[in-house]
Each structure stands twice: as C-alpha cells, then as structure tokens.
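Enquirer: I have a structure I would like to understand better, so I am pasting it below and will then ask my questions one at a time.
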Amino acid sequence: CGETDTVIDEGSRIGLQIKDFQIGKDITLYLESGVWVCHDPITIEDGIAFNSPVEFVADKVVYSRLATKDTMSIILPFDVPADRLNGVAYKFTSFDGKNLFFESTDGIQANTPCMLSGIKTLGEAVITAELENVTIKASNPIDVEDATGKSAHFGVYEKSLFECDEYDYYGFKNNQFVKAGIDIEVSPFRAAVRLKKSALRSLSYNPATLGIVFDGNEVTHAADIEQTMTGKVNVHDVTGRILRHNVEAANCTDGLEPGVYVVNGKKVVVTVKE
C-alpha cells in the first residue's frame with residue numbers, strides 16, 4: 001500500500017492518506033463515526049498489485065476485469081452479491097485425488113478465493129454494475145482448505161512466486177488446473193491450488209491436471225471425450241445455442257475455440273493444444 005500520513009482536510013476531519021492505493025492516484029481515508037471511509041471513486045485495476053492495511057468503506061468501487069473465458073479464478077477484497085456477477089461463484093470444498101470439488105455460493109466473499117463459471121456475457125465486466133457503499137477489507141487473503149488440511153485453494157493480491165517443495169502447486173490455465181514444475185507465479189486477483197506432496201504419495205499417480213466439479217457436475221476435458229462418450233452427439237455453447245448436430249463424439253470439439261461447451265448435456269472444456 002505504500003506510506004501513510006496523517007492529514008487534516010478543510011473540514012478538520014482527521015484522515016489517513018494512503019500512497020499509491022491505485023496506479024497514478026493517492027486516496028485519503030477519513031475517520032467518520034469510528035469508521036474509515038473513502039469518498040473518492042475507486043477503480044481496482046486487474047493484474048496490478050493491491051494492498052490496504054486497514055478496512056474501510058468506499059462510496060463507489062469498480063473492478064476492471066473482463067470475463068474473457070467461461071471459467072476463471074478470482075479473489076477480491078470486498079463482497080460482491082450474486083446478482084452483480086457475470087456468472088456464478090463457486091467455493092472450494094474438497095479434493096478426491098483426481099478432482100477438485102466446488103459448491104456454488106451467494107456471490108463472492110471478501111478475501112476468499114473462488115471460481116467464477118457459467119459466464120453470462122463473454123467480453124463484459126466480471127462485475128456487472130458499479131458497487132456503492134462497499135466495505136473493502138484489509139488485505140488478508142483466506143486460504144480455503146479441505147477437511148484434511150492437505151489441499152487448499154488460495155489467492156493473492158500481488159504477483160507471488162511459490163516454490164514446489166512441501167507442496168505441489170496447480171495454476172488455473174485454459175480452463176483447467178495444471179501442475180507447476182519447480183515453482184509457480186500467481187498474478188494479482190487470481191487463485192491457485194496447493195496439494196501436500198505427502199498426500200499425493202498415497203495416490204497411484206501424480207496428476208498433471210486436476211478435474212473440476214461444480215455442484216456435483218464434473219467438467220470433462222475435450223481430450224477425455226472418447227473415454228466418456230460414444231456415437232453421435234450435439235454440441236452447444238453455454239448459452240444453449242447449438243453449434244454442431246449429430247456429429248461423432250470422438251472429434252466433436254475439433255476446431256472449436258478454447259472455452260467451455262455443452263456436449264450431450266455435459267460441460268466440456270476445450271483448451272489450447274500445446
């Protein structure tokens with residue numbers, strides 16, 4: 001967050017000036033009725049390091065991120081109600097050795113990583129309207145662990161590097177969680193997964209990618225279609241628009257842009273071929 005100075009404005013209110021809260025602009029927090037408040041409109045720039053040492057209430061907040069894919073990881077320092085999201089928020093619950101399980105929540109909870117999926121309008125803002133009277137929490141991200149404590153979904157507000165020593169790390173890329181090599185770099189407002197290596201040793205394999213299950217519905221990767229579907233299928237986009245009718249399952253997604261599709265009623269992730 002940078003340096004802080006005590007200042008007094010013309011109204012003789014004691015304030016805390018936070019340097020470089022956002023790029024190119026300082027903000028001043030005023031102590032009003034025991035609560036820190038900010039009357040300047042705040043734009044939180046996606047991908048730019050963010051930090052606030054204190055909790056405060058902002059009159060207006062805009063988050064600049066656009067929904068460029070059907071599924072994405074996200075963490076924010078403030079609550080976002082479900083009706084203001086361009087999609088559905090899902091919170092991590094457990095890991096079964098192959099899949100990561102997430103349950104839908106009533107919006108985004110401050111400092112809590114989640115997945116945003118089922119994007120309503122690609123290319124539009126993640127948050128569909130300017131938020132008013134927003135409580136921005138102090139920058140203390142919460143790790144969401146499973147019941148065993150051996151796996152966790154975590155997020156960051158500044159670019160962070162994690163070495164794969166005690167844990168294996170999986171970053172979200174091209175609509176799947178992909179295992180990192182020596183280390184992993186996580187960007188601001190993004191989330192990743194860590195698994196204790198001691199837990200992975202009990203498995204008969206060490207997965208390079210992890211499946212995602214939202215509310216009990218597993219998301220299939222296009223490369224696995226031949227193992228899960230046979231015969232003729234129909235392919236729709238996430239809005240329900242049919243793209244291909246009565247085609248062979250084995251190559252039903254060939255040539256499609258990376259993203260999430262629905263094949264015979266089941267979500268299928270198409271990723272970039274490396």
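All residue names refer to the structure tokens as shown: chains lettered A, B, ... in order, residues numbered from 1 in each chain, ligands numbered from 1 in order.
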Write out as a tab-separated table (two decimals) with N, CA and C atoms, in the first residue's frame which residues come within 9 Å of Val263 in chain A when counting only C-alpha atoms, dropping same-chain ones fewer than 4 positions away.
Expert:
```tsv
chain	number	residue	atom	x	y	z
A	233	VAL	N	-23.31	-37.04	-31.14
A	233	VAL	CA	-23.62	-36.09	-30.07
A	233	VAL	C	-23.98	-34.73	-30.67
A	234	ASN	N	-24.57	-33.88	-29.82
A	234	ASN	CA	-24.83	-32.49	-30.17
A	234	ASN	C	-23.94	-31.59	-29.32
A	235	VAL	N	-23.49	-30.50	-29.90
A	235	VAL	CA	-22.61	-29.56	-29.19
A	235	VAL	C	-23.29	-28.19	-29.13
A	236	HIS	N	-23.40	-27.65	-27.90
A	236	HIS	CA	-23.97	-26.32	-27.70
A	236	HIS	C	-22.94	-25.41	-27.04
A	237	ASP	N	-23.13	-24.09	-27.16
A	237	ASP	CA	-22.33	-23.19	-26.34
A	237	ASP	C	-23.04	-23.04	-24.99
A	249	ALA	N	-18.70	-38.22	-31.48
A	249	ALA	CA	-18.18	-37.75	-30.20
A	249	ALA	C	-16.66	-37.59	-30.23
A	252	CYS	N	-15.91	-34.22	-31.90
A	252	CYS	CA	-16.98	-33.22	-31.89
A	252	CYS	C	-16.52	-31.81	-31.54
A	253	THR	N	-15.37	-31.68	-30.87
A	253	THR	CA	-14.89	-30.35	-30.50
A	253	THR	C	-13.73	-29.88	-31.36
A	267	LYS	N	-20.81	-30.48	-19.49
A	267	LYS	CA	-19.83	-29.45	-19.76
A	267	LYS	C	-18.51	-30.06	-20.21
A	268	VAL	N	-17.95	-29.50	-21.27
A	268	VAL	CA	-16.67	-29.97	-21.81
A	268	VAL	C	-15.76	-28.75	-22.00
```
Enquirer: Run DSSP on the backbone of this structure and report the residues of range 13-122 of chain A it assigns to strand (DSSP E), as an MDAnalysis selection string.
Expert: chainID A and resid 14:22 25:32 35:38 42:44 56:63 72:74 88:95 99:104 114:117
Enquirer: For Lys69 in chain A, which residue out of A:Val134, A:Ile48, A:Met115, A:Ala110 is the nearest one, using only C-alpha atoms?
Expert: A:Met115
Enquirer: Name the closest residue to Ser104 in chain A among the candidates A:Phe214, A:Tyr157, A:Leu85, A:Phe172; distances are taken between atoms, counting only C-alpha atoms.
Expert: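 Checking each of A:Phe214, A:Tyr157, A:Leu85, A:Phe172 against Ser104 in chain A, counting only C-alpha atoms, the winner is A:Phe214.
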Enquirer: Smallest atom-to-atom distance to Phe102 in chain A: which of A:Ala82, A:Val262, A:Ala191, A:Ile212, using only C-alpha atoms?
Expert: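 Among the listed residues, the smallest separation from Phe102 in chain A belongs to A:Ile212.
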Enquirer: Would you please work out which residue, of A:Glu158, A:Asp26, A:Glu248, A:Glu163, is nearest to Thr43 in chain A when using only C-alpha atoms?
Expert: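 Checking each of A:Glu158, A:Asp26, A:Glu248, A:Glu163 against Thr43 in chain A, counting only C-alpha atoms, the winner is A:Asp26.
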Enquirer: Fewer than 5 positions away in the same chain doesn't count, so skip those; otherwise give me all residues within 8 Å of Ala67 in chain A, counting only C-alpha atoms, as a ChimeraX atom specification.
Expert: /A:86,119,121-126
Enquirer: Nearest to Ala49 in chain A: which of A:Val186, A:Ala129, A:Val144, A:Cys114 is it, counting only C-alpha atoms?
Expert: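 Using only C-alpha atoms, Ala49 in chain A sits closest to A:Val186.
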Enquirer: Give me every alpha helix (DSSP H) residue in range 61-254 of chain A, going by DSSP on the backbone, as a ChimeraX atom specification.
Expert: /A:197-200,225-228
Enquirer: Between CA of Ser160 in chain A and CA of Pro188 in chain A, what is the spacing in Å?
Expert: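 Going from CA of Pro188 in chain A over to CA of Ser160 in chain A covers 8.0 Å.
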